[in-house]
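A.B. asks: Below is the structure I would like to discuss, written out as structure tokens.
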Amino acid sequence: MTPLALIMIISAYLLGSVSSAVLICKMTGLPDPRAVGSHNPGATNVLRIGSKKTAAAVLLCDMLKGTIPVWSAYFLGIDALLLGVIAIAACLGHMYPLFFHFKGGKGVATALGAIAPIGLDLTAMIMATWLVIAVLFRYSSLAALVTVLLAPFYTWMVKPHYTLPVAMLCCLIVLRHHQNIKRLISGTEPKVGAKHRDLD
């Protein structure tokens, strides 16, 4: 591993550690998303406790935490496997943020942002899959799980040499959703649109 790659991995983790949900909620006068609703500092929980505009802002910022370091590393000529490691570092920062007591989100939006530089066609397939599952079943976590399970296959169809890095990233997302998987099985997982008073 080159010094440049190591710097990019560390930078990706530090950027990922900036909790968009917590900061945006604080700036807009909303409660800390780690303390209400599903207690997850992500766009879905911000939608429950706030507005669509606020949730969209969180989603965009969380995606950029993945896009910026991966795209930067791509233009610096870092190879595909290390791009995957950089993407994982950004997601780990989001999941276990250094600046927010290591209490972060699930990393789905950050992972999508990290995958986006591979191509718009891949990004469109991933987003369409999430949207279809979310609309049909109204479970954000189920939509995320189905999407990340299909993402390596989509990548293989579009740009096969990125399949392994994407698969590595998707495995991390699935592991982070272990509690959601338990709740889905037991039927206690909150649906998209459920307000935070229903979840406390």
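In the structure tokens, chains take letters A, B, ... by order of appearance, with residues numbered from 1 within each chain and ligands from 1 in the order shown.
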Excluding A:Met95 and any residue of its chain fewer than 2 positions from it, enumerate the residues within 10 Å of it, using only C-alpha atoms, and give them as a list in words.
C.D. replies: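 Residues near the query, excluding close chain neighbours: Tyr13, Gly16, Ser17, Ser19, Asn40, Pro41, Ala89, Ala90, Cys91, Leu92, Gly93, Pro97, Leu98, Phe102, Lys103, Gly104, Gly105, Lys106, Gly107, Val108, Thr110, Ile173 and Arg176 of chain A.
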A.B. asks: What gap, in Å, lies between atom CA of A:Gly29 and atom CA of A:Ala57?
C.D. replies: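 Computing the Euclidean distance for atom CA of A:Gly29 and atom CA of A:Ala57 yields 14.4 Å.
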A.B. asks: Using only C-alpha atoms, which residues sit within 12 Å of A:Ser141 once same-chain residues fewer than 4 positions away are excluded, as number ranges by chain?
C.D. replies: A: 38, 40, 42-45, 105-109, 130-131, 133-134, 137, 145-148, 173-174, 176-185, 189-192
A.B. asks: Choose the residue, out of A:Tyr139, A:Phe75, A:Tyr154, A:Phe100, that has the smallest atom-to-atom separation from A:Thr188; count only C-alpha atoms.
C.D. replies: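 Looking at the shortest contact to A:Thr188, the residue is A:Tyr139.
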A.B. asks: Between atom CA of A:Ala114 and atom CA of A:Met63, measure the distance and give it in Å to one decimal.
C.D. replies: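 So the two atoms, atom CA of A:Ala114 and atom CA of A:Met63, lie 7.2 Å apart.
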A.B. asks: Counting only C-alpha atoms, which residue out of A:Gly187, A:Pro165, A:Pro152, A:Pro117 sits closest to A:Ile68?
C.D. replies: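 For A:Ile68, the nearest of the given residues is A:Pro117.
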A.B. asks: Taking the chain letters and numbering used in this document, name the residues of stretch 79-162 of chain A that DSSP puts in helix (DSSP H, G or I), as a VMD selection string.
C.D. replies: chain A and resid 80 to 95 98 to 100 108 to 118 120 to 137 140 to 158 160 to 162
A.B. asks: Tell me, in Å to one decimal, how far atom CA of A:Ser140 is from atom CA of A:Pro160.
C.D. replies: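 These two atoms are separated by 27.6 Å.
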